[in-house]
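Below is one structure; the comments refer to it alone.
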Amino acid sequence: MEKLEKLLERLDYAVVQGDMEKEITALVYDSRKLTEGCLFVCIKGTAVDGHTFLKDAAEQGAAAALILEDREGELPPEVEKSGMTVVKTADTRYGLALASAAWFHDPAQKLKVIGVTGTKGKTTTTYMVKSILEHAGYKVGLIGTIEAIIGDTSIPANNTTPESYVIQEYFHRMAEEGCQCVVMEVSSQGLMMHRTAGFTFEIGIFTNIEPDHIGPNEHASFEEYLACKGKLFRQCRLGVVNIDDPHWEQVLEGHTCALETFGFSEKADLRAADARLVKRPGYLGVSYTAKGAEEIDVEIDMPGKFSIYNSLTAIAVCRHFQVGAQDVRQALKEAKVKGRIEMVKVSDEFTLMIDYAHNAMSLESLLTTLREYEPTRLVCLFGCGGNRSKLRRYEMGEVSGRLADLTVITSDNPRFEEPQAIIDDIKTGISKTDGRYVEIADRKEAIRYVIAHGQPGDVIVLAGKGHEDYQEIKGKKYPMDERTLIREVLEELRA
């Protein structure tokens, strides 16, 4: 338990009714979890407004409520009569972040927190940083798009950056587990919604930025997207930024941290030189030499220029933890990210990989990278999600038709749509190109087709699902892991 006054001591607020000496038994921001003696933080979301549950909070014995100061209307009479303390503040999301940090006794102070923001590369970079630091003997927690990792426990993720209460709870558990460092993905939405308020990052990383997440319920404009990314560099001690990105100076506007740069540019503090593609049967990778702040020869088991950026970022961070060159080299060879250019060995003659690319921008980036390896054929298998924009389907179809030698159109998460209707939309996009395609709605059968018809020197990519291990059909999630499907297909083909 904590006194209300203690939980809100770092927040600017005004007391509407009641006293601040109350003992709080729980911190709640979801009305379904209201308990007697709790502090209920009213969050105004796009679909649900927590303020509409103030009456419920009073009736269930909440000790206090934190509300927006510009909330419309009078307090419900049940609230006024209940004796529940009501406190108002300018931004209850910010209030939740500060109260959560206080509730868990500021666990981030016991950890060195590394935050990674950018349009692409966040997930891979976090796993690379974790791999290098663990090789050097550190115990490292992770929070990201795929999962949170606390000791030996993996918790599947719902958001790239969880709600502030969940972040603080994870930090608390990591500190209890003996973690010294945490590496986490920091989304623009997370920054905009103050999910990372209430603590200071040891290092903030900027990978790159492209127009993305612009639209209803996300960012109103690219300028707003840039500004939200930039918030990280007013909340960290050291900023490590990609100097090759044309927008890096805009992102850093108003920064308060020390700065270091990385990239291919001669001006970068840490730069990549002598980059070479590495290609063997069933293997695609890249090698380069890191120069400047560190001098290391590197080879990684992931293809393309963006893999160089991701690993260079990890080196730029880990050098501040006194990690030796041998640990860096070995860790980068072993770093694997489920569903991110994940190579699966199926043949000595051709290469097959799984990747999360699920929109036109990420698919174009992936296929363009794979083209550089001059495959005999580039084969792209993908589908699109149901109850989502048809435009995405047209665009992905057009990208694959233009860049792949063969496209295999299949099912993804059809949700409440018919798989064939989604396939027909993808075909509309492909028809704008001269690209060859086949359509096989059953994803396992589509995988069987590409493996059975693989030719020497082919590069085959299964796109769209990545780390997902389910297929969503008519409101229900069914188990479906592409790795399992591949294994089953191989066993059946051998039989």
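Chains: A, B, ... in order of the structure tokens. Residues: from 1 per chain. Ligands: from 1, in order shown.
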
Discussion item. If you run DSSP on the backbone here, which positions in stretch 98-166 of chain A get alpha helix (DSSP H)? Please write them as an MDAnalysis selection string.
Written reply: chainID A and resid 98:103 122:135 164:166

Output of the above residues as a short mmCIF file (atom, residue, chain, number, x, y, z; two decimals), in the first residue's frame, restricted to C-alpha atoms:
data_model
loop_
_atom_site.label_atom_id
_atom_site.label_comp_id
_atom_site.auth_asym_id
_atom_site.auth_seq_id
_atom_site.Cartn_x
_atom_site.Cartn_y
_atom_site.Cartn_z
CA LEU A 98 4.36 8.86 -12.76
CA ALA A 99 2.03 7.05 -10.35
CA SER A 100 3.11 3.66 -11.78
CA ALA A 101 6.79 4.48 -11.29
CA ALA A 102 6.06 5.48 -7.69
CA TRP A 103 3.86 2.41 -7.09
CA LYS A 122 13.73 -1.71 -33.73
CA THR A 123 13.02 -5.39 -33.10
CA THR A 124 16.20 -6.78 -34.64
CA THR A 125 18.35 -4.12 -32.98
CA THR A 126 16.94 -4.90 -29.51
CA TYR A 127 17.70 -8.61 -29.88
CA MET A 128 21.23 -7.86 -31.13
CA VAL A 129 21.91 -5.57 -28.17
CA LYS A 130 20.56 -8.22 -25.79
CA SER A 131 22.71 -10.91 -27.40
CA ILE A 132 25.93 -8.86 -27.20
CA LEU A 133 25.40 -7.75 -23.59
CA GLU A 134 24.57 -11.30 -22.46
CA HIS A 135 27.72 -12.59 -24.17
CA SER A 164 3.22 2.67 -18.52
CA TYR A 165 1.95 0.56 -15.60
CA VAL A 166 2.99 -2.63 -17.41
#

Item to complete: Identify, on the basis of only C-alpha atoms, every residue whose closest approach to A:Gly454 does not exceed 10 Å; exclude the query and any residue fewer than 2 positions from it along the same chain; express the result as a list in words.
Response: Val346, Ser347, Glu349, Phe350, Thr351, Leu352, Arg377, Val379, Arg448, Tyr449, Val450, Ile451, Ala452, Pro456, Gly457, Asp458, Val459 and Ile460 of chain A

Output file for the selection above: N, CA and C atoms, as a tab-separated table (two decimals), in the first residue's frame:
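Output contents, as saved in selection.tsv:
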chain	number	residue	atom	x	y	z
A	346	VAL	N	16.01	-25.99	-45.35
A	346	VAL	CA	15.17	-27.03	-45.95
A	346	VAL	C	15.90	-27.75	-47.09
A	347	SER	N	16.97	-27.13	-47.60
A	347	SER	CA	17.65	-27.71	-48.76
A	347	SER	C	19.08	-27.19	-48.83
A	349	GLU	N	20.28	-26.66	-51.73
A	349	GLU	CA	20.30	-26.04	-53.06
A	349	GLU	C	19.65	-24.67	-53.11
A	350	PHE	N	18.67	-24.43	-52.25
A	350	PHE	CA	18.00	-23.12	-52.26
A	350	PHE	C	17.80	-22.63	-50.83
A	351	THR	N	17.47	-21.33	-50.72
A	351	THR	CA	17.33	-20.68	-49.41
A	351	THR	C	15.86	-20.36	-49.16
A	352	LEU	N	15.39	-20.68	-47.94
A	352	LEU	CA	14.02	-20.34	-47.55
A	352	LEU	C	14.06	-19.54	-46.26
A	377	ARG	N	15.85	-17.59	-58.93
A	377	ARG	CA	14.51	-17.01	-58.88
A	377	ARG	C	14.28	-16.44	-57.48
A	379	VAL	N	11.25	-15.99	-55.08
A	379	VAL	CA	9.88	-16.46	-54.93
A	379	VAL	C	9.30	-15.86	-53.65
A	448	ARG	N	4.02	-26.10	-49.22
A	448	ARG	CA	4.42	-27.35	-49.86
A	448	ARG	C	4.82	-27.09	-51.32
A	449	TYR	N	4.06	-26.24	-51.99
A	449	TYR	CA	4.31	-25.95	-53.41
A	449	TYR	C	5.70	-25.31	-53.60
A	450	VAL	N	6.03	-24.29	-52.78
A	450	VAL	CA	7.31	-23.59	-53.00
A	450	VAL	C	8.49	-24.48	-52.65
A	451	ILE	N	8.33	-25.34	-51.64
A	451	ILE	CA	9.44	-26.24	-51.28
A	451	ILE	C	9.61	-27.33	-52.35
A	452	ALA	N	8.49	-27.93	-52.76
A	452	ALA	CA	8.56	-29.02	-53.75
A	452	ALA	C	9.08	-28.53	-55.10
A	456	PRO	N	17.64	-24.95	-57.74
A	456	PRO	CA	18.96	-24.54	-57.26
A	456	PRO	C	19.18	-23.03	-57.42
A	457	GLY	N	19.61	-22.39	-56.35
A	457	GLY	CA	19.89	-20.95	-56.39
A	457	GLY	C	18.69	-20.07	-56.09
A	458	ASP	N	17.52	-20.67	-55.85
A	458	ASP	CA	16.32	-19.88	-55.52
A	458	ASP	C	16.46	-19.26	-54.13
A	459	VAL	N	15.82	-18.11	-53.96
A	459	VAL	CA	15.57	-17.55	-52.63
A	459	VAL	C	14.06	-17.46	-52.48
A	460	ILE	N	13.53	-18.14	-51.46
A	460	ILE	CA	12.09	-18.20	-51.22
A	460	ILE	C	11.79	-17.50	-49.90

Would you pick out the contacts of A:Lys55 at 7 Å or less, using only C-alpha atoms, so that residues sharing its chain but fewer than 4 positions from it are not included, and give the list as a compact mmCIF listing (two decimals) with N, CA and C atoms, in the first residue's frame?
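Just written: selection.txt:
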# COMPACT_ATOMS: atom_id res chain seq x y z
N GLU A 59 -18.96 3.03 -6.43
CA GLU A 59 -19.79 1.95 -5.90
C GLU A 59 -18.95 0.73 -5.49
N PRO A 76 -20.60 12.57 -10.94
CA PRO A 76 -21.85 11.86 -10.59
C PRO A 76 -22.14 12.02 -9.10
N GLU A 78 -23.16 9.95 -6.98
CA GLU A 78 -22.64 8.80 -6.22
C GLU A 78 -21.18 9.03 -5.82
N VAL A 79 -20.42 9.74 -6.68
CA VAL A 79 -19.02 10.02 -6.40
C VAL A 79 -18.91 11.05 -5.28

Item to complete: Find the spatial neighbours of A:Glu342, counting only C-alpha atoms, within a cut-off of 8 Å - ignore same-chain residues fewer than 4 positions away - and output them as a count of residues only.
Response: 6

Worksheet item: Any idea what's packed within 10 Å of A:Arg436, counting only C-alpha atoms, ignoring anything in its chain fewer than 4 positions away? Could you give it as a list in words?
Response: Val379, Ser400, Gly401, Arg402, Ala404, Asp405, Leu406, Thr407, Val408, Ile430 and Ser431 of chain A

Discussion item. Report as JSON, numbers by chain all protein, DNA and RNA residues lying within 10 Å of A:Gly386, evaluated on only C-alpha atoms, omitting residues in the same chain fewer than 3 positions from it.
Written reply: {"A": [383, 389, 390, 393, 411, 412, 413, 414, 415, 416, 417, 418, 419, 421, 422, 472, 473, 474]}

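Minimum distance to A:Gly50 across A:Asp245, A:Asp425, A:Glu395, A:Asp30 (counting only C-alpha atoms) occurs at A:Asp30.
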
Item to complete: Grab the atom CA of A:Ala275 to atom CA of A:Gly292 distance for me, in Å with one decimal place.
Response: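 Atom CA of A:Gly292 lies 15.2 Å from atom CA of A:Ala275.
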
Practice prompt. Quick one: everything within 9 Å of stretch 371-374 of chain A, counting only C-alpha atoms, minus sequence neighbours fewer than 2 positions away in the same chain. Send it as a PyMOL selection string.
Written response: chain A and resi 277-279+284+303-304+366-369+376-378+403-404+457+459

Those selected residues, please, written with N, CA and C atoms and delivered as a PDB file, in the first residue's frame.
ATOM      1  N   LEU A 277      28.441  -8.623 -49.610  1.00  0.00           N
ATOM      2  CA  LEU A 277      27.395  -9.632 -49.500  1.00  0.00           C
ATOM      3  C   LEU A 277      28.049 -11.005 -49.364  1.00  0.00           C
ATOM      4  N   VAL A 278      27.482 -11.857 -48.520  1.00  0.00           N
ATOM      5  CA  VAL A 278      27.996 -13.218 -48.325  1.00  0.00           C
ATOM      6  C   VAL A 278      26.892 -14.187 -48.733  1.00  0.00           C
ATOM      7  N   LYS A 279      27.211 -15.078 -49.680  1.00  0.00           N
ATOM      8  CA  LYS A 279      26.193 -15.977 -50.223  1.00  0.00           C
ATOM      9  C   LYS A 279      26.757 -17.387 -50.334  1.00  0.00           C
ATOM     10  N   LEU A 284      22.418 -16.611 -46.566  1.00  0.00           N
ATOM     11  CA  LEU A 284      22.640 -15.240 -47.039  1.00  0.00           C
ATOM     12  C   LEU A 284      23.090 -14.410 -45.848  1.00  0.00           C
ATOM     13  N   PRO A 303      20.814 -10.924 -44.296  1.00  0.00           N
ATOM     14  CA  PRO A 303      21.209 -10.226 -45.515  1.00  0.00           C
ATOM     15  C   PRO A 303      20.922  -8.732 -45.483  1.00  0.00           C
ATOM     16  N   GLY A 304      21.649  -7.987 -46.326  1.00  0.00           N
ATOM     17  CA  GLY A 304      21.259  -6.633 -46.660  1.00  0.00           C
ATOM     18  C   GLY A 304      21.852  -5.507 -45.852  1.00  0.00           C
ATOM     19  N   LEU A 366      12.423  -5.620 -48.337  1.00  0.00           N
ATOM     20  CA  LEU A 366      12.919  -6.989 -48.230  1.00  0.00           C
ATOM     21  C   LEU A 366      13.278  -7.565 -49.601  1.00  0.00           C
ATOM     22  N   LEU A 367      12.357  -7.463 -50.565  1.00  0.00           N
ATOM     23  CA  LEU A 367      12.589  -8.069 -51.872  1.00  0.00           C
ATOM     24  C   LEU A 367      13.722  -7.371 -52.620  1.00  0.00           C
ATOM     25  N   THR A 368      13.835  -6.060 -52.457  1.00  0.00           N
ATOM     26  CA  THR A 368      14.943  -5.326 -53.092  1.00  0.00           C
ATOM     27  C   THR A 368      16.280  -5.810 -52.540  1.00  0.00           C
ATOM     28  N   THR A 369      16.330  -6.017 -51.229  1.00  0.00           N
ATOM     29  CA  THR A 369      17.548  -6.535 -50.590  1.00  0.00           C
ATOM     30  C   THR A 369      17.898  -7.924 -51.121  1.00  0.00           C
ATOM     31  N   THR A 376      18.620 -17.322 -58.533  1.00  0.00           N
ATOM     32  CA  THR A 376      18.093 -17.892 -59.777  1.00  0.00           C
ATOM     33  C   THR A 376      16.663 -17.414 -59.977  1.00  0.00           C
ATOM     34  N   ARG A 377      15.853 -17.590 -58.927  1.00  0.00           N
ATOM     35  CA  ARG A 377      14.509 -17.009 -58.881  1.00  0.00           C
ATOM     36  C   ARG A 377      14.278 -16.442 -57.485  1.00  0.00           C
ATOM     37  N   LEU A 378      13.559 -15.345 -57.411  1.00  0.00           N
ATOM     38  CA  LEU A 378      13.094 -14.820 -56.135  1.00  0.00           C
ATOM     39  C   LEU A 378      11.607 -15.152 -56.053  1.00  0.00           C
ATOM     40  N   LEU A 403       8.833  -7.214 -58.254  1.00  0.00           N
ATOM     41  CA  LEU A 403      10.165  -7.581 -57.766  1.00  0.00           C
ATOM     42  C   LEU A 403      10.427  -9.082 -57.690  1.00  0.00           C
ATOM     43  N   ALA A 404       9.383  -9.896 -57.557  1.00  0.00           N
ATOM     44  CA  ALA A 404       9.578 -11.345 -57.450  1.00  0.00           C
ATOM     45  C   ALA A 404       9.448 -11.998 -58.827  1.00  0.00           C
ATOM     46  N   GLY A 457      19.613 -22.385 -56.348  1.00  0.00           N
ATOM     47  CA  GLY A 457      19.885 -20.947 -56.386  1.00  0.00           C
ATOM     48  C   GLY A 457      18.686 -20.073 -56.085  1.00  0.00           C
ATOM     49  N   VAL A 459      15.823 -18.111 -53.960  1.00  0.00           N
ATOM     50  CA  VAL A 459      15.574 -17.547 -52.630  1.00  0.00           C
ATOM     51  C   VAL A 459      14.058 -17.459 -52.480  1.00  0.00           C
TER      52      VAL A 459
END

Practice prompt. Point out the residue among A:Leu11, A:Gln235, A:Val28, A:Gly45 with the least atom-to-atom distance to A:Ala90, counting only C-alpha atoms.
Written response: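 The answer is A:Leu11, which sits nearest to A:Ala90.
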
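Relative to atom CA of A:Asp424, atom CA of A:Arg392 is found at 12.8 Å.
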
Item to complete: Write down as number ranges by chain the residues belonging to stretch 41-131 of chain A that are assigned strand (DSSP E) by DSSP computed on the backbone.
Response: A: 41, 64-68, 85-89, 112-117

Discussion item. I'd like to know which of A:Leu381, A:Leu462, A:Leu370, A:Met192 is closest to A:Glu439, using only C-alpha atoms.
Written reply: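 Going through A:Leu381, A:Leu462, A:Leu370, A:Met192 one by one, the smallest distance to A:Glu439 is for A:Leu381.
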
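Proximity ranking of A:Leu66, A:Ile205, A:Ile150, A:Val323 relative to A:Tyr170 places A:Ile150 first, based on only C-alpha atoms.
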
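Take the candidates A:Ser265, A:Ser31, A:Asn208, A:Thr289 and check each one against A:Glu249 using only C-alpha atoms; the shortest distance goes to A:Asn208.
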
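Atom pair atom CA of A:Gly230 / atom CA of A:Ile308 has a distance of 23.3 Å (rounded to one decimal).
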